[in-house]
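S.K.: Sharing a structure, written as structure tokens. Questions coming.
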Amino acid sequence: MTATSAWAGPIPRPSAVSQPYWDGAKQHRLVIQRSQKTGAYVFYPRAVSPFGADDTLEWVEVSGRGHVHACAIARTPTAAHLGVDGPYVIAIVQLEEGPHMTANIIDCDPETIHPGTPVEAAYIPITEEITLVQFRPAAVG
Amino acid sequence: MTLRGSAAIVGFAETASFPYSEGATTLGMLASIGMDAIRDAGYEPAEIDGLVTEGFNEAPFMAASTVAEYMGLRPAFAEVVDHGGATAGAMVIRAAAAIAAGLCETVVCVTAARKERQRLDRRQPSAAAPSYKDRTPQGEFDVPFGASGAVFAYAMILNAYRAKYEATPEQLAHIAVAERANAQANPDALFYGQPLTIDEVMASPLVVEPIRRLDMTTTCAGAGAVVVTSAAKAKSAAHPPVTILGAGENHTHRSISWAPPDLENTGVRAAAERAFAMAALRPQDMDLRCIYDCFTSTVLISLEDAGFTPKGTAGRFFAEHDISPGGDFPMNTHGGQLSFGQAGIAGGMSLVTEAARQLMGRAAGRQVNGCEFAFVNGNGGVMSAQSALVLGRLS
């Protein structure tokens, strides 16, 4: 899977809750929510804080850096119409700020991706409105 | 208040697993299997005042009312349970809870899946109109990355396990082979008459590495149901009552990305501990284990987390123990879902009905001698939702 693949896969449909995340992605910025009470970050976007009834979530831009928490190599497509032949990596990425995100690790040899592999966000426009946040191995140095 | 001893399974019914169900309706299958279970218990439909069903796509709303009406029931308690593979156990738990709370006395729990040769409901994602499914976190933040279906998530869990512990492809294949051997004593199993070798499992294609095709279940059509009644009414049952001694659940996440971070330590542990604590029994007291087996690796990890063998030892454990009915460690004696077949939610129900069958002494050619206590677990989603039951034939 490379950054230049034409996208034939499912297209996310933003909600009023998630729109700021998608607005950020379109500008190649990773914008997620943070707890005002605890300072902890949370992903995916939510209408209510999971950290307490007296909490408020605020939108903040984060680094886009992280590491692979867990991963698997799909040898056959895991979903119809994904538009890739495989093999490709499905990963849980742990951001430096803590939260987990689901993504593919792109621009890599799947065999070289393991838990702990440093990664950075890669912004892949798939429609006028939607830019997917994928990850690629972090540049060395 | 405890559920311990408050209710018992007194009847069950199950169809054979069959590859396709041309023209059958899920509703018709649910109602038929429910009536079969009521008949098995020796009851009249008028004695049934509780109904628990799975949700099913023919009736996306009011599923319990739909099934009750079709069966001619007017229950005092009706419920839809939606915990994926944990549903069957969770149905028994809810039935027992409703009985213990005095809401009803006798509950039929029904599961069924049709399987058409040609899928009726396949969505064309790129062309489809917006769907309410798009509004779930999974639809918005998992599915676009191919993180749909379960295989990739179980592969991640197995990779996390193998980073710490031994689970060789051969050890995993052995689980599929041993369950297939059990299925050779069950004419209702999808793979009856088709023994399996480790070489065949190893030669099957990698789907999501390291999970191979034959590490996975095969979907099919089928149905299963149980009847649960109060301990008082169970005393006069047609079959030896199977008492609910312990029950536990645990619901930790929906999507694997937001599961507790140590993927190899699953929610099975807390559910099983809750069930054993309620029963005041230990894993080593069980005569039969019915371990939820959507993948071979699920069996391995669940057996450890349920307390039957220490963490990291199950791969070797299976090589050293015999899970056949006459073996030293009877488990999934109907073949498990891996070889009985997985008819949707009814696949998980097959683990409950097998435990009831064995505890009632009705397992004929595959009877576990002296079977007094059984453990049954169910696992929904991607180790997301757990149910655990400790069942006993009390003398």
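We name chains A, B, ... following the order of the structure tokens; residues begin at 1 in each chain, and ligands are numbered from 1 as shown.
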Using only C-alpha atoms, find which residues of chain B lie within 7 Å of chain A and jot them down as a list in words.
M.R.: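 Taking only C-alpha atoms into account, Pro125, Ser126, Asp134, Pro137, Glu140, Phe141, Asp142, Val143, Pro144, Phe145, Gly146, Ala147, Ser148, Gly149, Phe152, Ala155, Met156, Ala160, Leu206, Val207, Val208, Glu209, Ser257 and Trp258 of chain B sit within 7 Å of chain A.
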S.K.: Would you list the contacts of segment 327-344 of chain B as a PyMOL selection string, taking every protein, DNA or RNA residue within 9 Å and counting only C-alpha atoms, but skipping same-chain residues closer than 5 positions in sequence?
M.R.: chain B and resi 16-19+84-85+111-115+176+178-186+188-192+214-223+287-296+321-322+350-351+354-355+358+366-368
S.K.: Got a sec: who's within 9 Å of Arg4 of chain B, counting only C-alpha atoms, leaving out chain neighbours fewer than 5 positions off, as a ChimeraX atom specification?
M.R.: /B:243-247,278-279
S.K.: Got time to write the residues from that selection, N, CA and C atoms, as a PDB file, in the first residue's frame?
M.R.:
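Saved the output as result21.pdb:
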ATOM      1  N   THR B 243     -28.154 -26.829  36.677  1.00  0.00           N
ATOM      2  CA  THR B 243     -28.286 -25.647  37.516  1.00  0.00           C
ATOM      3  C   THR B 243     -27.233 -24.593  37.164  1.00  0.00           C
ATOM      4  N   ILE B 244     -27.674 -23.351  37.149  1.00  0.00           N
ATOM      5  CA  ILE B 244     -26.747 -22.226  36.939  1.00  0.00           C
ATOM      6  C   ILE B 244     -26.122 -21.906  38.289  1.00  0.00           C
ATOM      7  N   LEU B 245     -24.853 -22.259  38.416  1.00  0.00           N
ATOM      8  CA  LEU B 245     -24.134 -22.100  39.681  1.00  0.00           C
ATOM      9  C   LEU B 245     -23.333 -20.809  39.713  1.00  0.00           C
ATOM     10  N   GLY B 246     -22.833 -20.419  38.567  1.00  0.00           N
ATOM     11  CA  GLY B 246     -22.021 -19.211  38.523  1.00  0.00           C
ATOM     12  C   GLY B 246     -22.204 -18.501  37.205  1.00  0.00           C
ATOM     13  N   ALA B 247     -22.143 -17.161  37.241  1.00  0.00           N
ATOM     14  CA  ALA B 247     -22.309 -16.367  36.032  1.00  0.00           C
ATOM     15  C   ALA B 247     -21.448 -15.132  36.138  1.00  0.00           C
ATOM     16  N   MET B 278     -18.876 -16.921  42.165  1.00  0.00           N
ATOM     17  CA  MET B 278     -20.286 -17.107  42.488  1.00  0.00           C
ATOM     18  C   MET B 278     -20.588 -18.584  42.769  1.00  0.00           C
ATOM     19  N   ALA B 279     -19.968 -19.452  41.972  1.00  0.00           N
ATOM     20  CA  ALA B 279     -20.222 -20.888  42.111  1.00  0.00           C
ATOM     21  C   ALA B 279     -19.484 -21.497  43.300  1.00  0.00           C
TER      22      ALA B 279
END
S.K.: For Leu391 of chain B, which of B:Leu300, B:Val242, B:Ile93, B:Val177 is the closest residue, counting only C-alpha atoms?
M.R.: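 Ranking B:Leu300, B:Val242, B:Ile93, B:Val177 by distance to Leu391 of chain B, first place goes to B:Val242.
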S.K.: If you measure from atom CA of Gly98 of chain A to atom CA of Pro210 of chain B, what distance in Å do you get, rounded to one decimal?
M.R.: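 The value is 27.6 Å.
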S.K.: Taking 4 positions as the minimum chain separation for residues in the same chain, which residues sit within 12 Å of Ala47 of chain A when counting only C-alpha atoms? Answer as a list in words.
M.R.: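 In the requested form, the answer reads Ser15, Ala16, Val17, Ser18, Gln19, Gln33, Val42, Phe43, Ala53, Asp55, Thr56, Leu57, Glu58 and Trp59 of chain A; Pro137 of chain B.
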S.K.: May I have the selected residues written with C-alpha atoms, as a compact mmCIF listing (two decimals), in the first residue's frame?
M.R.:
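Written output follows (out.txt):
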# COMPACT_ATOMS: atom_id res chain seq x y z
CA SER A 15 -20.51 13.99 12.09
CA ALA A 16 -21.00 17.25 13.94
CA VAL A 17 -18.96 15.65 16.74
CA SER A 18 -15.98 14.68 14.59
CA GLN A 19 -15.91 17.57 12.09
CA GLN A 33 -9.52 16.11 21.98
CA VAL A 42 -8.63 10.94 23.84
CA PHE A 43 -9.32 9.54 20.41
CA ALA A 53 -19.05 13.95 34.35
CA ASP A 55 -15.01 17.33 32.53
CA THR A 56 -14.94 19.17 29.22
CA LEU A 57 -13.04 18.10 26.11
CA GLU A 58 -11.16 20.71 24.09
CA TRP A 59 -9.68 20.39 20.58
CA PRO B 137 -16.70 5.11 15.76
S.K.: I need the residues in segment 77-169 of chain B that are strand (DSSP E or B) according to DSSP; give them as JSON, numbers by chain.
M.R.: {"B": [77, 78, 79, 80, 81, 106, 107, 108, 109, 110, 111, 112, 113]}
S.K.: Taking the chain letters and numbering used in this document, name the residues of segment 2-51 of chain A that DSSP puts in alpha helix (DSSP H), as a PyMOL selection string.
M.R.: chain A and resi 19-26
